[in-house]
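What follows is final03.cif (mmCIF, C-alpha atoms).
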data_upload
#
loop_
_atom_site.label_atom_id
_atom_site.label_comp_id
_atom_site.auth_asym_id
_atom_site.auth_seq_id
_atom_site.Cartn_x
_atom_site.Cartn_y
_atom_site.Cartn_z
CA MET A 16 -59.67 -70.43 -32.07
CA LYS A 17 -59.43 -67.09 -33.82
CA PHE A 18 -55.91 -65.76 -34.14
CA SER A 19 -56.73 -62.56 -32.26
CA THR A 20 -58.04 -64.64 -29.34
CA LEU A 21 -54.89 -66.75 -29.28
CA SER A 22 -52.69 -63.66 -29.47
CA SER A 23 -54.54 -61.78 -26.74
CA SER A 24 -54.44 -64.78 -24.42
CA ILE A 25 -50.69 -65.17 -24.81
CA PHE A 26 -50.05 -61.42 -24.57
CA GLU A 27 -52.00 -61.26 -21.31
CA GLN A 28 -50.08 -64.26 -20.01
CA ALA A 29 -46.71 -62.71 -20.89
CA THR A 30 -47.69 -59.35 -19.41
CA GLY A 31 -48.82 -61.04 -16.20
CA ASP A 32 -45.64 -63.11 -16.02
CA TYR A 33 -43.50 -59.98 -16.30
CA HIS A 34 -45.32 -58.27 -13.46
CA VAL A 35 -44.62 -61.13 -11.08
CA THR A 36 -41.18 -59.54 -10.62
CA ASP A 37 -41.77 -56.20 -12.40
CA ASP A 38 -38.05 -56.10 -13.15
CA VAL A 39 -36.66 -55.14 -16.56
CA ASP A 40 -33.56 -57.25 -15.85
CA ALA A 41 -35.40 -60.42 -14.82
CA GLN A 42 -34.93 -63.42 -17.08
CA ALA A 43 -38.10 -64.97 -18.46
CA ALA A 44 -38.62 -68.57 -19.51
CA ASN A 45 -40.84 -68.75 -22.57
CA PRO A 46 -43.31 -71.57 -21.78
CA TYR A 47 -44.04 -72.40 -25.43
CA THR A 48 -42.25 -74.75 -27.80
CA PRO A 49 -39.52 -72.99 -29.78
CA HIS A 50 -40.21 -72.21 -33.45
CA THR A 51 -43.99 -72.14 -32.92
CA ILE A 52 -46.19 -69.10 -33.41
CA GLU A 53 -47.13 -69.26 -29.73
CA HIS A 54 -43.45 -68.97 -28.78
CA CYS A 55 -43.09 -65.95 -31.07
CA LEU A 56 -46.16 -64.24 -29.63
CA TYR A 57 -44.96 -64.69 -26.06
CA ALA A 58 -41.49 -63.38 -26.96
CA LYS A 59 -43.04 -60.45 -28.83
CA ASN A 60 -45.00 -59.26 -25.82
CA ARG A 61 -42.04 -59.77 -23.50
CA ILE A 62 -39.97 -57.44 -25.68
CA ASP A 63 -42.78 -54.87 -25.68
CA THR A 64 -43.27 -55.13 -21.91
CA VAL A 65 -39.61 -54.61 -21.06
CA GLN A 66 -39.41 -51.71 -23.49
CA TRP A 67 -42.57 -50.17 -21.99
CA HIS A 68 -41.02 -50.12 -18.52
CA LEU A 69 -37.67 -48.84 -19.75
CA GLU A 70 -39.55 -45.95 -21.37
CA ASP A 71 -41.03 -45.21 -17.92
CA ILE A 72 -37.65 -45.40 -16.19
CA ILE A 73 -35.86 -43.13 -18.63
CA ARG A 74 -38.41 -40.37 -17.95
CA ASN A 75 -37.39 -40.12 -14.31
CA PRO A 76 -36.23 -36.47 -14.00
CA ALA A 77 -33.63 -37.51 -11.43
CA ILE A 78 -32.00 -40.14 -13.64
CA GLU A 79 -28.24 -39.87 -14.10
CA PRO A 80 -27.25 -38.97 -17.69
CA GLN A 81 -25.04 -42.05 -18.11
CA ASP A 82 -27.88 -44.28 -16.92
CA ALA A 83 -30.30 -42.60 -19.33
CA LEU A 84 -27.87 -43.16 -22.21
CA ALA A 85 -27.49 -46.84 -21.35
CA ILE A 86 -31.28 -47.25 -21.22
CA LYS A 87 -31.73 -45.36 -24.51
CA ARG A 88 -29.33 -47.75 -26.21
CA ARG A 89 -31.15 -50.69 -24.68
CA ILE A 90 -34.46 -49.30 -25.96
CA ASP A 91 -32.95 -48.98 -29.44
CA SER A 92 -31.83 -52.60 -29.28
CA LEU A 93 -35.25 -53.77 -28.13
CA ASN A 94 -36.91 -51.77 -30.89
CA GLN A 95 -34.79 -53.68 -33.40
CA GLU A 96 -35.76 -56.96 -31.74
CA ARG A 97 -39.41 -55.91 -31.92
CA THR A 98 -39.13 -55.22 -35.64
CA ASP A 99 -37.33 -58.50 -36.24
CA MET A 100 -40.05 -60.37 -34.35
CA VAL A 101 -42.80 -58.69 -36.38
CA GLU A 102 -41.07 -59.80 -39.56
CA LEU A 103 -40.76 -63.33 -38.18
CA ILE A 104 -44.50 -63.42 -37.44
CA ASP A 105 -45.22 -62.13 -40.95
CA SER A 106 -43.07 -64.96 -42.31
CA TYR A 107 -45.42 -67.34 -40.49
CA PHE A 108 -48.40 -65.82 -42.31
CA LEU A 109 -46.59 -65.89 -45.65
CA SER A 110 -45.97 -69.60 -45.19
CA LEU A 111 -49.51 -70.23 -43.95
CA TYR A 112 -51.12 -68.69 -47.02
CA LYS A 113 -48.46 -69.47 -49.61
CA ASP A 114 -50.75 -71.83 -51.55
CA VAL A 115 -53.72 -69.46 -51.66
CA ALA A 116 -54.16 -67.98 -55.14
CA PRO A 117 -55.38 -64.37 -55.02
CA LEU A 118 -58.81 -63.94 -56.58
CA PRO A 119 -59.31 -61.50 -59.47
CA GLY A 120 -59.55 -58.07 -57.92
CA ALA A 121 -57.79 -59.14 -54.70
CA THR A 122 -56.40 -56.19 -52.79
CA ILE A 123 -53.49 -55.57 -50.48
CA ASN A 124 -53.93 -54.26 -46.95
CA THR A 125 -52.36 -51.06 -45.63
CA GLU A 126 -50.39 -53.06 -43.06
CA SER A 127 -49.27 -56.64 -42.81
CA PRO A 128 -50.98 -58.97 -40.31
CA ALA A 129 -48.00 -58.96 -37.95
CA TRP A 130 -48.07 -55.18 -37.58
CA ALA A 131 -51.70 -55.51 -36.49
CA VAL A 132 -50.52 -58.17 -34.03
CA ASP A 133 -47.88 -55.70 -32.84
CA ARG A 134 -50.59 -53.12 -32.13
CA LEU A 135 -52.61 -55.75 -30.27
CA SER A 136 -49.63 -56.49 -28.03
CA ILE A 137 -49.21 -52.79 -27.21
CA LEU A 138 -52.93 -52.47 -26.52
CA THR A 139 -52.65 -55.35 -24.04
CA LEU A 140 -50.04 -53.34 -22.14
CA LYS A 141 -52.08 -50.13 -22.30
CA ILE A 142 -55.15 -51.93 -20.93
CA TYR A 143 -53.14 -53.60 -18.17
CA HIS A 144 -51.64 -50.35 -16.95
CA MET A 145 -54.77 -48.24 -17.42
CA ASN A 146 -56.66 -50.79 -15.36
CA LEU A 147 -54.09 -50.35 -12.58
CA GLU A 148 -54.52 -46.57 -12.73
CA ALA A 149 -58.31 -46.82 -12.71
CA ALA A 150 -58.10 -48.78 -9.45
CA ARG A 151 -55.10 -47.03 -7.85
CA ALA A 152 -55.97 -46.50 -4.20
CA GLY A 153 -53.77 -43.44 -3.75
CA ALA A 154 -55.31 -41.57 -6.67
CA GLY A 155 -58.23 -39.21 -6.40
CA PRO A 156 -61.73 -39.92 -7.73
CA SER A 157 -61.23 -37.68 -10.77
CA HIS A 158 -58.09 -39.58 -11.78
CA ARG A 159 -59.79 -42.94 -11.40
CA GLU A 160 -62.85 -41.79 -13.35
CA THR A 161 -60.71 -40.45 -16.19
CA CYS A 162 -58.70 -43.67 -16.34
CA SER A 163 -61.87 -45.77 -16.25
CA ALA A 164 -63.22 -43.85 -19.25
CA ARG A 165 -59.92 -44.33 -21.09
CA LEU A 166 -59.97 -48.01 -20.20
CA SER A 167 -63.37 -48.35 -21.87
CA VAL A 168 -62.03 -46.74 -25.04
CA LEU A 169 -58.95 -49.00 -25.05
CA THR A 170 -61.13 -52.08 -24.57
CA GLU A 171 -63.32 -51.05 -27.50
CA GLN A 172 -60.22 -50.37 -29.59
CA LYS A 173 -58.91 -53.85 -28.79
CA GLU A 174 -62.23 -55.43 -29.82
CA ASP A 175 -62.23 -53.50 -33.10
CA LEU A 176 -58.61 -54.32 -33.86
CA SER A 177 -59.16 -58.01 -33.04
CA LEU A 178 -62.14 -58.13 -35.40
CA ALA A 179 -60.21 -56.35 -38.15
CA LEU A 180 -57.25 -58.71 -37.77
CA ASP A 181 -59.43 -61.82 -37.95
CA GLN A 182 -61.27 -60.42 -40.97
CA LEU A 183 -57.96 -59.71 -42.71
CA LEU A 184 -56.72 -63.25 -42.08
CA ASP A 185 -60.01 -64.69 -43.33
CA ASP A 186 -59.79 -62.53 -46.46
CA MET A 187 -56.25 -63.79 -47.04
CA ALA A 188 -57.29 -67.40 -46.53
CA GLN A 189 -60.03 -66.95 -49.13
CA GLY A 190 -57.84 -65.06 -51.60
CA ARG A 191 -59.73 -61.78 -51.29
CA LYS A 192 -56.59 -60.09 -49.97
CA TYR A 193 -52.89 -60.84 -50.32
CA MET A 194 -49.84 -59.68 -48.42
CA LYS A 195 -46.35 -58.46 -49.11
CA VAL A 196 -43.60 -57.99 -46.54
CA TYR A 197 -41.32 -55.02 -46.91
CA ARG A 198 -38.37 -55.56 -44.61
CA GLN A 199 -37.94 -52.50 -42.44
CA MET A 200 -34.39 -51.69 -43.54
CA LYS A 201 -33.77 -49.56 -40.47
CA MET A 202 -30.71 -47.42 -41.09
CA TYR A 203 -29.79 -46.01 -37.69
CA ASN A 204 -28.79 -49.40 -36.26
CA ASP A 205 -26.76 -50.42 -39.31
CA PRO A 206 -23.07 -49.43 -39.16
CA ARG A 207 -22.97 -49.61 -42.96
CA LEU A 208 -25.76 -47.03 -43.36
CA ASN A 209 -25.56 -44.67 -40.36
CA PRO A 210 -22.93 -42.01 -41.22
CA VAL A 211 -22.14 -41.47 -37.53
CA LEU A 212 -21.29 -45.15 -37.19
CA TYR A 213 -19.27 -45.55 -40.37
CA GLY A 214 -17.38 -42.31 -39.77
CA ARG A 215 -18.49 -40.07 -42.61
CA LYS A 216 -17.52 -36.44 -41.98
#
Spit out the file's structure as C-alpha cells when you get a sec.
Amino acid sequence: MKFSTLSSSIFEQATGDYHVTDDVDAQAANPYTPHTIEHCLYAKNRIDTVQWHLEDIIRNPAIEPQDALAIKRRIDSLNQERTDMVELIDSYFLSLYKDVAPLPGATINTESPAWAVDRLSILTLKIYHMNLEAARAGAGPSHRETCSARLSVLTEQKEDLSLALDQLLDDMAQGRKYMKVYRQMKMYNDPRLNPVLYGRK
C-alpha cells in the first residue's frame, strides 16, 4: 500500500471518530499499536482535528475573554504537539531510509516527508468540512454550489499531494533524493528563549 493511501485512510478514520462526539474535550482511544507509524498518524490527525475545532470556537464573537485566552493557550500547546508529532514521523522516515546511499547528484526536497503528511492531514479535515457545507440543508443553492466547486479543488489538491508524497518517498528509497530534519526550535513556547517568560525587561 502506498504511504499516502495508508495516511489518508487513517486520517479519515480519526476525523470520523472525532465527529462521533464532536467534542474537543472528549477522550479518544487510539486503535493502533503504540510506537507504530499507524499510531502516530492517528494521533497526528486527532491533534489537528481538535485544534481545527478550537480555532472555530475561539472565533465566536460572543466568547468571554477569559475563555478565549484559555483556548488560545490550548491551541498553542496543540501546535507544539503537532510539531513534535511531525518530527516523530520524520524520525520514522530517517530510520526507514538510513541504509540508502544517495546517488551522485541526489537532491534534497523543499520539505521533509512528514510536513507533506501534515498537509495531507489538514486537507482531510478541509475536505470533510467542505463536504458538509456543500450538502448543508439550511444553506442556499449558491452556498452549496460554491462549496461543491471548492470541494472539487480540494480533492484534486489531495490527489496531487498524495502523488507528490509517494514520488518523494520512492525517490528517497532509490537514493535520488535524501532528507534532513531541522528541528523546529520554536522559541515562543520555551521559557529559556521567550523574553516574556524568562523575565527580560
Within 9 Å of segment 76-93 of chain A, counting only C-alpha atoms, which residues qualify if same-chain residues fewer than 3 places away don't, as a short mmCIF file (atom, residue, chain, number, x, y, z; two decimals) with C-alpha atoms, in the coordinates of the input?
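To be explicit, this is the file written out as around-v3.cif:
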data_model
loop_
_atom_site.label_atom_id
_atom_site.label_comp_id
_atom_site.auth_asym_id
_atom_site.auth_seq_id
_atom_site.Cartn_x
_atom_site.Cartn_y
_atom_site.Cartn_z
CA ILE A 62 -39.97 -57.44 -25.68
CA ASP A 63 -42.78 -54.87 -25.68
CA VAL A 65 -39.61 -54.61 -21.06
CA GLN A 66 -39.41 -51.71 -23.49
CA LEU A 69 -37.67 -48.84 -19.75
CA GLU A 70 -39.55 -45.95 -21.37
CA ILE A 72 -37.65 -45.40 -16.19
CA ILE A 73 -35.86 -43.13 -18.63
CA GLU A 96 -35.76 -56.96 -31.74
CA ARG A 97 -39.41 -55.91 -31.92
CA THR A 98 -39.13 -55.22 -35.64
CA ASN A 204 -28.79 -49.40 -36.26
#
If the PyMOL selection byres ((chain A and resi 186-201) around 8) were run on this exact file, what residues would it hold? Put them as JSON, numbers by chain. {"A": [98, 102, 105, 109, 112, 115, 116, 117, 118, 120, 121, 122, 123, 124, 127, 182, 183, 184, 185, 202, 203, 204, 205]}
Would you write out those residues with C-alpha atoms, as a compact mmCIF listing (two decimals), in the frame of the given file?
# COMPACT_ATOMS: atom_id res chain seq x y z
CA THR A 98 -39.13 -55.22 -35.64
CA GLU A 102 -41.07 -59.80 -39.56
CA ASP A 105 -45.22 -62.13 -40.95
CA LEU A 109 -46.59 -65.89 -45.65
CA TYR A 112 -51.12 -68.69 -47.02
CA VAL A 115 -53.72 -69.46 -51.66
CA ALA A 116 -54.16 -67.98 -55.14
CA PRO A 117 -55.38 -64.37 -55.02
CA LEU A 118 -58.81 -63.94 -56.58
CA GLY A 120 -59.55 -58.07 -57.92
CA ALA A 121 -57.79 -59.14 -54.70
CA THR A 122 -56.40 -56.19 -52.79
CA ILE A 123 -53.49 -55.57 -50.48
CA ASN A 124 -53.93 -54.26 -46.95
CA SER A 127 -49.27 -56.64 -42.81
CA GLN A 182 -61.27 -60.42 -40.97
CA LEU A 183 -57.96 -59.71 -42.71
CA LEU A 184 -56.72 -63.25 -42.08
CA ASP A 185 -60.01 -64.69 -43.33
CA MET A 202 -30.71 -47.42 -41.09
CA TYR A 203 -29.79 -46.01 -37.69
CA ASN A 204 -28.79 -49.40 -36.26
CA ASP A 205 -26.76 -50.42 -39.31
Pick from A:Thr36, A:Thr64, A:Gly31, A:Ser110, whichever lies nearest to Ser136 of chain A using all atoms listed in the file: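 Closest to Ser136 of chain A, using all atoms listed in the file: A:Thr64.
Minimum atom-to-atom distance to Ala29 of chain A, evaluated using only C-alpha atoms, belongs to A:Leu140 out of A:Ile52, A:Ala164, A:Leu140, A:Leu103.
Between atom CA of Ser22 of chain A and atom CA of Leu56 of chain A the interatomic distance comes to 6.6 Å.
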Enclosing box along x, y and z for every listed atom of segment 95-109 of chain A, padded 6 Å each side, centre and size in Å, one decimal, as lines of an AutoDock Vina configuration file:
center_x = -41.6
center_y = -60.5
center_z = -38.7
size_x = 25.6
size_y = 25.7
size_z = 25.9
Separating atom CA of Leu138 of chain A from atom CA of Lys173 of chain A, to the nearest tenth of an Å, is a gap of 6.5 Å
